[in-house]
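Undergrad: For reference, this is model.csv, and it has CSV, C-alpha atoms.
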chain,number,residue,atom,x,y,z
A,1,MET,CA,128.9,119.7,24.9
A,2,ASN,CA,132.4,119.6,26.5
A,3,LYS,CA,133.9,122.7,27.9
A,4,GLU,CA,137.5,123.2,29.0
A,5,ALA,CA,137.9,122.9,32.8
A,6,LEU,CA,139.0,126.0,34.7
A,7,TYR,CA,141.2,124.5,37.4
A,8,TYR,CA,144.0,122.2,36.2
A,9,GLU,CA,147.6,122.2,35.2
A,10,LYS,CA,149.3,120.4,32.3
A,11,LEU,CA,151.9,117.7,33.1
A,12,GLU,CA,154.3,115.7,30.9
A,13,ASP,CA,153.1,112.9,28.6
A,14,LYS,CA,149.7,114.7,28.1
A,15,LYS,CA,148.8,114.1,31.7
A,16,VAL,CA,146.9,116.8,33.7
A,17,ARG,CA,146.4,117.5,37.4
A,18,CYS,CA,142.9,118.8,38.3
A,19,SER,CA,142.9,121.3,41.1
A,20,LEU,CA,139.1,121.8,41.6
A,21,CYS,CA,139.0,119.7,44.7
A,22,PRO,CA,141.5,118.3,47.2
A,23,HIS,CA,141.8,115.0,45.4
A,24,TYR,CA,144.1,116.7,42.9
A,25,CYS,CA,143.5,113.9,40.4
A,26,ILE,CA,146.4,113.2,38.0
A,27,ILE,CA,144.5,112.1,34.8
A,28,LYS,CA,146.1,110.4,31.9
A,29,ASP,CA,145.1,111.2,28.3
A,30,GLY,CA,141.7,109.6,27.5
A,31,LYS,CA,140.9,109.0,31.2
A,32,ILE,CA,138.5,110.6,33.7
A,33,GLY,CA,138.9,111.9,37.3
A,34,ILE,CA,137.5,110.4,40.4
A,35,CYS,CA,134.3,112.5,40.1
A,36,MET,CA,133.5,111.2,36.6
A,37,GLY,CA,132.9,114.8,35.6
A,38,LYS,CA,136.4,115.7,34.2
A,39,GLU,CA,138.0,114.1,31.2
A,40,ASN,CA,141.5,114.5,29.7
A,41,LYS,CA,141.5,114.7,25.9
A,42,GLY,CA,144.9,115.2,24.4
A,43,GLY,CA,146.4,116.9,27.4
A,44,ILE,CA,143.4,119.3,27.9
A,45,LEU,CA,141.0,118.8,30.8
A,46,TYR,CA,137.3,119.1,29.9
A,47,SER,CA,134.1,119.3,31.8
A,48,LYS,CA,132.7,116.0,30.6
A,49,ASN,CA,129.3,116.6,32.2
A,50,TYR,CA,128.7,120.2,31.1
A,51,ALA,CA,125.0,120.9,30.8
A,52,LEU,CA,124.1,117.2,31.2
A,53,THR,CA,121.6,116.6,34.0
A,54,THR,CA,120.3,113.4,35.5
A,55,SER,CA,117.2,115.2,36.9
A,56,VAL,CA,114.9,118.1,36.4
A,57,ALA,CA,112.3,118.6,39.2
A,58,VAL,CA,110.6,121.4,41.2
A,59,ASP,CA,111.1,120.8,44.9
A,60,PRO,CA,110.0,122.5,48.1
A,61,ILE,CA,113.0,124.5,49.4
A,62,GLU,CA,112.6,122.5,52.6
A,63,LYS,CA,113.6,119.3,50.8
A,64,LYS,CA,117.2,120.6,50.3
A,65,PRO,CA,117.0,121.0,53.4
A,66,LEU,CA,116.9,124.7,53.8
A,67,TYR,CA,114.5,125.9,56.5
A,68,HIS,CA,115.6,129.5,56.9
A,69,PHE,CA,115.7,130.5,53.2
A,70,TYR,CA,112.4,131.6,51.6
A,71,PRO,CA,110.4,129.0,53.6
A,72,GLY,CA,107.4,127.6,51.8
A,73,THR,CA,108.7,128.3,48.3
A,74,ASP,CA,109.6,126.0,45.4
A,75,ILE,CA,112.9,125.7,43.5
A,76,LEU,CA,114.0,124.1,40.2
A,77,SER,CA,116.4,121.2,41.1
A,78,ILE,CA,119.0,119.8,38.7
A,79,SER,CA,122.1,117.6,39.1
A,80,PRO,CA,125.2,116.2,37.3
A,81,ASN,CA,126.0,112.6,36.9
A,82,SER,CA,129.1,112.9,39.1
A,83,CYS,CA,130.5,113.1,42.7
A,84,ASN,CA,134.0,113.5,44.1
A,85,LEU,CA,133.1,111.4,47.2
A,86,SER,CA,132.3,107.7,47.3
A,87,CYS,CA,130.2,107.5,50.5
A,88,LYS,CA,129.3,103.9,51.3
A,89,PHE,CA,125.8,105.0,52.4
A,90,CYS,CA,125.0,107.3,49.4
A,91,GLN,CA,121.2,107.6,48.9
A,92,ASN,CA,121.5,108.7,45.3
A,93,TRP,CA,124.3,106.3,44.3
A,94,GLN,CA,122.5,105.4,41.0
A,95,ILE,CA,123.2,108.9,39.7
A,96,SER,CA,126.4,109.8,41.6
A,97,GLN,CA,128.5,106.6,41.7
A,98,MET,CA,127.9,105.2,38.2
A,99,GLU,CA,127.0,106.2,34.7
A,100,ALA,CA,123.4,107.2,34.4
A,101,PRO,CA,121.2,108.6,31.7
A,102,THR,CA,121.3,112.4,31.3
A,103,GLN,CA,119.6,115.1,29.2
A,104,TYR,CA,121.0,118.3,27.8
A,105,LEU,CA,119.9,121.4,29.7
A,106,SER,CA,121.6,124.6,28.5
A,107,PRO,CA,122.0,127.4,31.0
A,108,GLU,CA,119.4,129.4,29.1
A,109,ARG,CA,116.9,126.6,29.3
A,110,ALA,CA,117.5,126.1,33.0
A,111,VAL,CA,116.7,129.7,33.6
A,112,GLU,CA,113.6,129.5,31.4
A,113,LEU,CA,112.3,126.5,33.3
A,114,ALA,CA,112.9,128.2,36.7
A,115,LYS,CA,110.9,131.2,35.6
A,116,LYS,CA,108.2,129.1,33.9
A,117,TYR,CA,107.4,127.1,37.1
A,118,ASN,CA,107.5,130.1,39.4
A,119,SER,CA,110.6,128.8,41.1
A,120,ILE,CA,112.6,131.2,43.3
A,121,GLY,CA,115.7,130.0,41.4
A,122,ILE,CA,117.8,127.0,40.7
A,123,SER,CA,119.1,124.4,43.2
A,124,TYR,CA,122.2,122.4,42.1
A,125,THR,CA,121.6,119.2,44.1
A,126,TYR,CA,121.1,115.4,44.4
A,127,THR,CA,124.7,114.5,43.5
A,128,GLU,CA,127.7,116.8,43.9
A,129,PRO,CA,127.1,120.0,42.1
A,130,LEU,CA,130.6,121.4,42.5
A,131,THR,CA,131.8,118.8,40.1
A,132,TRP,CA,129.6,120.7,37.6
A,133,TYR,CA,131.6,123.8,38.3
A,134,GLU,CA,131.9,125.3,34.8
A,135,TYR,CA,128.2,124.8,34.1
A,136,ILE,CA,127.1,126.3,37.4
A,137,LEU,CA,129.3,129.4,36.8
A,138,ASP,CA,127.5,130.0,33.5
A,139,THR,CA,124.0,129.1,34.7
A,140,ALA,CA,124.2,130.8,38.1
A,141,GLY,CA,125.4,134.0,36.5
A,142,MET,CA,122.6,134.0,34.0
A,143,ALA,CA,120.0,133.2,36.8
A,144,LYS,CA,121.3,136.0,39.0
A,145,ARG,CA,120.9,138.5,36.2
A,146,GLU,CA,117.3,137.3,35.9
A,147,GLY,CA,116.6,137.9,39.6
A,148,LEU,CA,116.7,134.2,40.5
A,149,LYS,CA,118.4,132.6,43.5
A,150,ASN,CA,121.2,130.0,43.3
A,151,VAL,CA,121.4,127.2,45.8
A,152,LEU,CA,124.1,124.6,46.3
A,153,VAL,CA,123.4,121.3,48.1
A,154,THR,CA,127.0,120.1,48.5
A,155,ASN,CA,129.5,118.0,50.3
A,156,GLY,CA,131.8,121.0,50.5
A,157,PHE,CA,134.8,119.2,49.2
A,158,ILE,CA,136.3,121.9,47.1
A,159,ASN,CA,139.5,123.9,47.1
A,160,GLU,CA,139.5,127.5,48.3
A,161,GLU,CA,140.3,129.3,45.1
A,162,PRO,CA,137.4,127.9,43.0
A,163,LEU,CA,135.1,128.2,46.0
A,164,LEU,CA,135.8,131.9,46.4
A,165,LYS,CA,135.3,132.5,42.7
A,166,ILE,CA,131.8,131.0,42.7
A,167,LEU,CA,130.5,132.2,46.0
A,168,PRO,CA,129.4,135.7,44.8
A,169,LEU,CA,126.9,133.9,42.6
A,170,ILE,CA,125.5,131.7,45.3
A,171,ASP,CA,122.6,132.8,47.6
A,172,ALA,CA,122.3,129.7,49.9
A,173,MET,CA,124.1,126.4,50.6
A,174,ASN,CA,123.3,123.3,52.5
A,175,ILE,CA,126.7,121.7,53.3
A,176,ASP,CA,127.1,118.1,54.5
A,177,VAL,CA,129.3,117.8,57.5
A,178,LYS,CA,129.3,114.0,57.5
A,179,SER,CA,131.3,113.5,60.7
A,180,MET,CA,133.8,115.4,62.9
A,181,ASP,CA,136.1,112.3,62.7
A,182,GLY,CA,138.7,112.5,60.0
A,183,SER,CA,139.0,108.7,59.8
A,184,PHE,CA,135.3,108.5,59.0
A,185,TYR,CA,135.9,110.7,56.0
A,186,ARG,CA,138.9,108.6,54.9
A,187,LYS,CA,137.3,105.2,55.4
A,188,ILE,CA,133.7,105.8,54.6
A,189,CYS,CA,133.8,108.6,52.0
A,190,SER,CA,137.3,108.5,50.6
A,191,ALA,CA,137.8,112.2,51.4
A,192,GLN,CA,139.1,114.6,54.0
A,193,LEU,CA,137.3,116.5,56.8
A,194,ALA,CA,139.4,119.7,57.0
A,195,PRO,CA,138.5,121.1,53.5
A,196,VAL,CA,134.8,120.7,54.3
A,197,LEU,CA,135.0,122.7,57.5
A,198,LYS,CA,136.9,125.4,55.7
A,199,THR,CA,134.1,125.5,53.1
A,200,VAL,CA,131.6,126.1,55.8
A,201,GLU,CA,133.7,128.8,57.5
A,202,LEU,CA,134.3,130.7,54.2
A,203,SER,CA,130.8,130.3,52.7
A,204,GLN,CA,128.8,131.5,55.8
A,205,LYS,CA,130.6,134.9,55.4
A,206,SER,CA,129.2,135.2,51.8
A,207,CYS,CA,125.8,133.5,51.7
A,208,HIS,CA,123.1,131.8,53.7
A,209,VAL,CA,124.4,128.4,55.0
A,210,GLU,CA,122.7,125.4,56.7
A,211,ILE,CA,124.4,122.2,57.8
A,212,THR,CA,123.3,118.6,57.5
A,213,ASN,CA,124.8,115.7,59.5
A,214,LEU,CA,123.5,112.3,58.6
A,215,ILE,CA,123.7,110.1,61.8
A,216,ILE,CA,124.8,106.6,61.0
A,217,THR,CA,124.4,103.8,63.5
A,218,THR,CA,127.8,103.0,65.2
A,219,LEU,CA,129.9,105.1,62.8
A,220,ASN,CA,129.3,108.7,63.7
A,221,ASP,CA,126.7,108.6,66.5
A,222,SER,CA,128.7,109.2,69.7
A,223,ASP,CA,128.1,112.0,72.2
A,224,GLU,CA,131.8,113.0,71.7
A,225,LEU,CA,131.2,113.6,68.0
A,226,PHE,CA,127.9,115.5,68.6
A,227,HIS,CA,129.7,117.7,71.1
A,228,LYS,CA,132.6,118.3,68.6
A,229,LEU,CA,130.2,119.3,65.9
A,230,THR,CA,128.2,121.5,68.2
A,231,ASP,CA,131.2,123.3,69.6
A,232,TRP,CA,132.8,123.9,66.2
A,233,LEU,CA,129.5,125.2,64.6
A,234,ALA,CA,128.8,127.4,67.6
A,235,SER,CA,132.3,128.9,67.2
A,236,VAL,CA,131.5,129.7,63.6
A,237,ASN,CA,128.0,131.0,64.0
A,238,PRO,CA,125.3,129.6,66.5
A,239,ASN,CA,122.6,130.9,64.2
A,240,ILE,CA,123.5,128.5,61.4
A,241,PRO,CA,120.7,125.9,61.3
A,242,LEU,CA,121.8,122.3,61.9
A,243,HIS,CA,119.9,119.4,60.4
A,244,PHE,CA,120.5,116.0,61.9
A,245,SER,CA,119.2,113.4,59.5
A,246,ARG,CA,118.1,109.8,60.1
A,247,TYR,CA,120.1,107.2,58.2
A,248,PHE,CA,118.5,104.2,56.4
A,249,PRO,CA,120.5,101.4,54.8
A,250,ASN,CA,121.5,102.1,51.3
A,251,TYR,CA,124.2,101.4,48.6
A,252,LYS,CA,127.1,99.5,50.3
A,253,LEU,CA,126.0,100.0,53.9
A,254,SER,CA,123.5,97.7,55.6
A,255,LEU,CA,123.7,99.0,59.2
A,256,PRO,CA,120.3,99.4,60.9
A,257,PRO,CA,118.4,102.7,60.7
A,258,THR,CA,119.3,105.4,63.3
A,259,PRO,CA,117.3,104.9,66.5
A,260,LEU,CA,115.1,107.8,67.4
A,261,ASP,CA,116.7,108.1,70.8
A,262,THR,CA,120.1,108.7,69.2
A,263,LEU,CA,118.6,111.5,67.1
A,264,LYS,CA,117.0,113.0,70.2
A,265,ARG,CA,120.3,112.8,72.0
A,266,ALA,CA,122.1,114.6,69.2
A,267,ARG,CA,119.4,117.3,69.1
A,268,ASP,CA,119.5,117.8,72.9
A,269,ILE,CA,123.3,118.2,72.8
A,270,ALA,CA,123.3,120.6,69.9
A,271,ALA,CA,120.5,122.7,71.3
A,272,ASN,CA,122.6,123.8,74.2
A,273,LYS,CA,124.7,126.0,71.9
A,274,ILE,CA,123.0,126.0,68.4
A,275,ASN,CA,119.9,128.2,68.2
A,276,TYR,CA,118.2,126.2,65.4
A,277,VAL,CA,118.4,122.4,65.4
A,278,TYR,CA,116.2,120.1,63.3
A,279,VAL,CA,115.9,116.4,62.7
A,280,GLY,CA,115.0,115.1,59.2
A,281,ASN,CA,113.8,111.7,57.8
A,282,VAL,CA,111.5,111.3,60.8
A,283,ARG,CA,107.8,111.9,61.6
A,284,GLU,CA,108.4,113.9,64.8
A,285,ILE,CA,106.7,117.1,63.6
A,286,GLU,CA,108.1,119.4,66.4
A,287,TRP,CA,111.6,118.4,65.4
A,288,ASN,CA,111.0,120.2,62.1
A,289,ASN,CA,109.3,123.3,63.4
A,290,THR,CA,111.1,126.6,63.9
A,291,TYR,CA,111.0,128.3,67.3
A,292,CYS,CA,112.2,131.8,68.1
A,293,HIS,CA,115.6,131.5,69.8
A,294,ASN,CA,114.6,134.4,72.1
A,295,CYS,CA,111.0,133.8,73.2
A,296,LYS,CA,110.8,130.1,72.1
A,297,LYS,CA,107.4,130.7,70.4
A,298,LEU,CA,106.5,128.8,67.2
A,299,ILE,CA,107.7,130.8,64.2
A,300,ILE,CA,107.3,128.3,61.4
A,301,SER,CA,105.0,125.2,61.5
A,302,ARG,CA,105.8,122.5,59.0
A,303,GLU,CA,104.0,119.4,57.9
A,304,GLY,CA,106.5,117.3,55.9
A,305,TYR,CA,108.0,119.6,53.4
A,306,SER,CA,105.1,122.1,53.5
A,307,VAL,CA,104.9,125.2,55.6
A,308,ALA,CA,101.6,125.4,57.5
A,309,GLU,CA,102.0,128.6,59.5
A,310,LYS,CA,104.4,131.6,59.7
A,311,ASN,CA,104.7,133.9,62.6
A,312,TYR,CA,107.3,136.4,61.5
A,313,HIS,CA,107.3,139.5,59.4
A,314,GLU,CA,110.2,141.3,57.7
A,315,GLY,CA,112.7,139.0,59.4
A,316,LYS,CA,111.4,139.6,63.0
A,317,CYS,CA,109.4,137.4,65.4
A,318,ASN,CA,105.8,138.4,65.6
A,319,PHE,CA,105.8,137.7,69.4
A,320,CYS,CA,108.9,139.4,70.7
A,321,GLY,CA,110.3,141.4,67.8
A,322,THR,CA,113.6,139.6,67.8
A,323,ALA,CA,115.5,139.7,64.5
A,324,LEU,CA,115.6,136.1,63.1
A,325,PRO,CA,118.2,134.4,60.9
A,326,ILE,CA,115.6,133.8,58.2
A,327,ILE,CA,115.8,135.1,54.6
A,328,GLY,CA,112.5,135.6,52.8
As a first step, turn the structure in this file into structure tokens.
TA:
Amino acid sequence: MNKEALYYEKLEDKKVRCSLCPHYCIIKDGKIGICMGKENKGGILYSKNYALTTSVAVDPIEKKPLYHFYPGTDILSISPNSCNLSCKFCQNWQISQMEAPTQYLSPERAVELAKKYNSIGISYTYTEPLTWYEYILDTAGMAKREGLKNVLVTNGFINEEPLLKILPLIDAMNIDVKSMDGSFYRKICSAQLAPVLKTVELSQKSCHVEITNLIITTLNDSDELFHKLTDWLASVNPNIPLHFSRYFPNYKLSLPPTPLDTLKRARDIAANKINYVYVGNVREIEWNNTYCHNCKKLIISREGYSVAEKNYHEGKCNFCGTALPIIG
């Protein structure tokens, strides 16, 4: 089912300019945009991927990763066959960078499945959900009316106007900040850094936000970049959880996996100014536990994606009574 796109302008010779993201693709009649999700048919831009999902799964919320949003719960997870970045290290490149099999999932059916499997809501994830914009608007609105939560796991590469329109429907976001180096975004991801930082700054005023930074050997693993990320995030909100993630070779990148001492160095630098710092894709359990930023006692104990223990109640630490930046 195709649906007319919301953000575009018509040009001469049946061309259109998409304005959903900062690429501003100019698309000829019969062609698709960079993201593969938008198609020009006769001078009208359509959402080519509307209601077509590559995946339907029920995941732990911790897998997103979201550690401070209803810890220990499950969430229905779905994804479009599209992405507006072309990261050379993409871990889901089979469904984000090339045509992949999809199945039709109407907004009504997505909400039904979320309720059927006792999910707290719907996570739009795995690829780049904001390229699924029109579908998410419809589905998230329906989910919200049914008391479900909406979660975006996103690269944050979207223009301000469409972002502000969709934010009232969104309860939580994990946003990738892939590097604080603009040239990294240009060379490795074919994108820009500034719009991503703007997305974080705007979104955290509206919903719960957590940040992921995948650390790639030799490309974005310097102390200077860790300090830049830390200083910027602390200036936005030091209570925003920061997830450093270990890189493994994938897609077009064959650099060696991130050394554990690099991950520890990043964590130590960030912990000086950020209250909640985690490290993913590793077996170091303590790097995934949550400790009260005031008394330093263990608040949430995790084993993999499972929550083993909680020591907080109604948003407050059981040990010192401090209000915690945790929802649910």
Undergrad: For Asp29 in chain A, please output as a list in words all residues within 6 Å (counting all atoms listed in the file; exclusion window: fewer than 3 positions along the same chain).
TA: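 Skipping anything fewer than 3 positions along the chain leaves Lys14, Lys15, Asn40, Lys41, Gly42 and Gly43 of chain A.
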Undergrad: One number please: CA of Phe244 in chain A to CA of Tyr305 in chain A, in Å, one decimal.
TA: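 Pair CA of Phe244 in chain A / CA of Tyr305 in chain A returns 15.5 Å.
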Undergrad: Do you have, as a Markdown table, the list of residues of range 88-145 of chain A lying at most 7 Å from range 245-250 of chain A, each with its nearest atom pair and that distance in Å to one decimal, counting only C-alpha atoms and ordered by chain then number?
TA:
| residue | atom | partner | partner_atom | distance |
| --- | --- | --- | --- | --- |
| A:Phe89 | CA | A:Asn250 | CA | 5.3 |
| A:Cys90 | CA | A:Asn250 | CA | 6.5 |
| A:Gln91 | CA | A:Asn250 | CA | 6.0 |
Undergrad: Those same residues - C-alpha atoms - I'd like them written as a short mmCIF file (atom, residue, chain, number, x, y, z; two decimals), in the frame of the given file.
TA:
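Result written to again14.cif:
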data_model
loop_
_atom_site.label_atom_id
_atom_site.label_comp_id
_atom_site.auth_asym_id
_atom_site.auth_seq_id
_atom_site.Cartn_x
_atom_site.Cartn_y
_atom_site.Cartn_z
CA PHE A 89 125.80 105.00 52.40
CA CYS A 90 125.00 107.30 49.40
CA GLN A 91 121.20 107.60 48.90
#
Undergrad: Which neighbours of range 19-26 of chain A fall inside 10 Å, counting all atoms listed in the file, when residues of the same chain fewer than 4 positions from it are skipped, and could you give them as an NGL selection string?
TA: :A and (5-11 or 15 or 31-35 or 38 or 40 or 84-85 or 130-131 or 133 or 156-163 or 190-192 or 195)
Undergrad: In Å, how far is it from CA of Pro256 in chain A to CA of Leu219 in chain A?
TA: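 About the pair CA of Pro256 in chain A and CA of Leu219 in chain A: they are 11.3 Å apart.
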Undergrad: Can you work out which one of A:Glu284, A:Tyr276, A:Leu193, A:Thr127 has the shortest atom-to-atom distance to Asp261 in chain A, counting only C-alpha atoms?
TA: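 Going through A:Glu284, A:Tyr276, A:Leu193, A:Thr127 one by one, the smallest distance to Asp261 in chain A is for A:Glu284.
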Undergrad: Can you measure CA of Glu309 in chain A to CA of Ile215 in chain A for me? One decimal in Å is fine.
TA: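 CA of Ile215 in chain A lies at a distance of 28.6 Å from CA of Glu309 in chain A.
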Undergrad: With all atoms listed in the file as the basis for distance, which of A:Glu146, A:Glu128, A:Asp171, A:Glu224 is at the shortest distance from Gly328 in chain A?
TA: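 For Gly328 in chain A, the nearest of the candidates is A:Asp171.
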Undergrad: For Pro259 in chain A, work out the shell of residues within 8 Å, counting all atoms listed in the file and skipping chain neighbours fewer than 3 positions away, then give it as a list in words.
TA: Thr217, Thr262 and Leu263 of chain A
Undergrad: Please save C-alpha atoms of the selected residues as an mmCIF file, in the coordinates of the input.
TA:
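Okay, this is what ended up in result.cif:
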data_model
loop_
_atom_site.group_PDB
_atom_site.id
_atom_site.type_symbol
_atom_site.label_atom_id
_atom_site.label_comp_id
_atom_site.auth_asym_id
_atom_site.auth_seq_id
_atom_site.Cartn_x
_atom_site.Cartn_y
_atom_site.Cartn_z
ATOM 1 C CA THR A 217 124.400 103.800 63.500
ATOM 2 C CA THR A 262 120.100 108.700 69.200
ATOM 3 C CA LEU A 263 118.600 111.500 67.100
#
Undergrad: Just checking: using only C-alpha atoms, which residue out of A:Trp287, A:Tyr124, A:Tyr104, A:Tyr251 ends up closest to Ala172 in chain A?
TA: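 Looking only at the distances to Ala172 in chain A, the closest residue turns out to be A:Tyr124.
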Undergrad: Given only C-alpha atoms as the basis, pick out the residue of A:Pro129, A:Pro80, A:Gly121, A:Gly304 nearest to Thr53 in chain A.
TA: A:Pro80
Undergrad: Take range 135-153 of chain A, bring it up to N, CA and C atoms, and give me the output as a PDB file, keeping the file's coordinate frame.
TA:
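Written output follows (rebuild-v8.pdb):
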ATOM      1  N   TYR A 135     129.606 124.606  34.444  1.00  0.00           N
ATOM      2  CA  TYR A 135     128.200 124.800  34.100  1.00  0.00           C
ATOM      3  C   TYR A 135     127.488 125.676  35.117  1.00  0.00           C
ATOM      4  N   ILE A 136     127.780 125.468  36.391  1.00  0.00           N
ATOM      5  CA  ILE A 136     127.100 126.300  37.400  1.00  0.00           C
ATOM      6  C   ILE A 136     127.561 127.746  37.300  1.00  0.00           C
ATOM      7  N   LEU A 137     128.832 127.974  37.024  1.00  0.00           N
ATOM      8  CA  LEU A 137     129.300 129.400  36.800  1.00  0.00           C
ATOM      9  C   LEU A 137     128.449 130.050  35.754  1.00  0.00           C
ATOM     10  N   ASP A 138     128.276 129.381  34.622  1.00  0.00           N
ATOM     11  CA  ASP A 138     127.500 130.000  33.500  1.00  0.00           C
ATOM     12  C   ASP A 138     126.044 130.131  33.868  1.00  0.00           C
ATOM     13  N   THR A 139     125.452 129.090  34.434  1.00  0.00           N
ATOM     14  CA  THR A 139     124.000 129.100  34.700  1.00  0.00           C
ATOM     15  C   THR A 139     123.671 130.041  35.849  1.00  0.00           C
ATOM     16  N   ALA A 140     124.464 129.993  36.914  1.00  0.00           N
ATOM     17  CA  ALA A 140     124.200 130.800  38.100  1.00  0.00           C
ATOM     18  C   ALA A 140     124.314 132.318  37.734  1.00  0.00           C
ATOM     19  N   GLY A 141     125.300 132.639  36.889  1.00  0.00           N
ATOM     20  CA  GLY A 141     125.400 134.000  36.500  1.00  0.00           C
ATOM     21  C   GLY A 141     124.241 134.510  35.702  1.00  0.00           C
ATOM     22  N   MET A 142     123.746 133.679  34.815  1.00  0.00           N
ATOM     23  CA  MET A 142     122.600 134.000  34.000  1.00  0.00           C
ATOM     24  C   MET A 142     121.320 134.115  34.921  1.00  0.00           C
ATOM     25  N   ALA A 143     121.199 133.175  35.858  1.00  0.00           N
ATOM     26  CA  ALA A 143     120.000 133.200  36.800  1.00  0.00           C
ATOM     27  C   ALA A 143     120.038 134.436  37.621  1.00  0.00           C
ATOM     28  N   LYS A 144     121.196 134.811  38.118  1.00  0.00           N
ATOM     29  CA  LYS A 144     121.300 136.000  39.000  1.00  0.00           C
ATOM     30  C   LYS A 144     120.866 137.248  38.232  1.00  0.00           C
ATOM     31  N   ARG A 145     121.264 137.348  36.966  1.00  0.00           N
ATOM     32  CA  ARG A 145     120.900 138.500  36.200  1.00  0.00           C
ATOM     33  C   ARG A 145     119.371 138.576  35.938  1.00  0.00           C
ATOM     34  N   GLU A 146     118.725 137.404  36.026  1.00  0.00           N
ATOM     35  CA  GLU A 146     117.300 137.300  35.900  1.00  0.00           C
ATOM     36  C   GLU A 146     116.525 137.452  37.186  1.00  0.00           C
ATOM     37  N   GLY A 147     117.254 137.730  38.259  1.00  0.00           N
ATOM     38  CA  GLY A 147     116.600 137.900  39.600  1.00  0.00           C
ATOM     39  C   GLY A 147     116.315 136.608  40.292  1.00  0.00           C
ATOM     40  N   LEU A 148     116.911 135.510  39.843  1.00  0.00           N
ATOM     41  CA  LEU A 148     116.700 134.200  40.500  1.00  0.00           C
ATOM     42  C   LEU A 148     117.760 133.917  41.513  1.00  0.00           C
ATOM     43  N   LYS A 149     117.429 133.035  42.444  1.00  0.00           N
ATOM     44  CA  LYS A 149     118.400 132.600  43.500  1.00  0.00           C
ATOM     45  C   LYS A 149     119.111 131.358  43.057  1.00  0.00           C
ATOM     46  N   ASN A 150     120.346 131.217  43.530  1.00  0.00           N
ATOM     47  CA  ASN A 150     121.200 130.000  43.300  1.00  0.00           C
ATOM     48  C   ASN A 150     121.470 129.319  44.570  1.00  0.00           C
ATOM     49  N   VAL A 151     121.199 128.015  44.594  1.00  0.00           N
ATOM     50  CA  VAL A 151     121.400 127.200  45.800  1.00  0.00           C
ATOM     51  C   VAL A 151     122.260 126.016  45.506  1.00  0.00           C
ATOM     52  N   LEU A 152     123.249 125.768  46.355  1.00  0.00           N
ATOM     53  CA  LEU A 152     124.100 124.600  46.300  1.00  0.00           C
ATOM     54  C   LEU A 152     123.768 123.634  47.413  1.00  0.00           C
ATOM     55  N   VAL A 153     123.533 122.370  47.096  1.00  0.00           N
ATOM     56  CA  VAL A 153     123.400 121.300  48.100  1.00  0.00           C
ATOM     57  C   VAL A 153     124.667 120.458  47.912  1.00  0.00           C
TER      58      VAL A 153
END
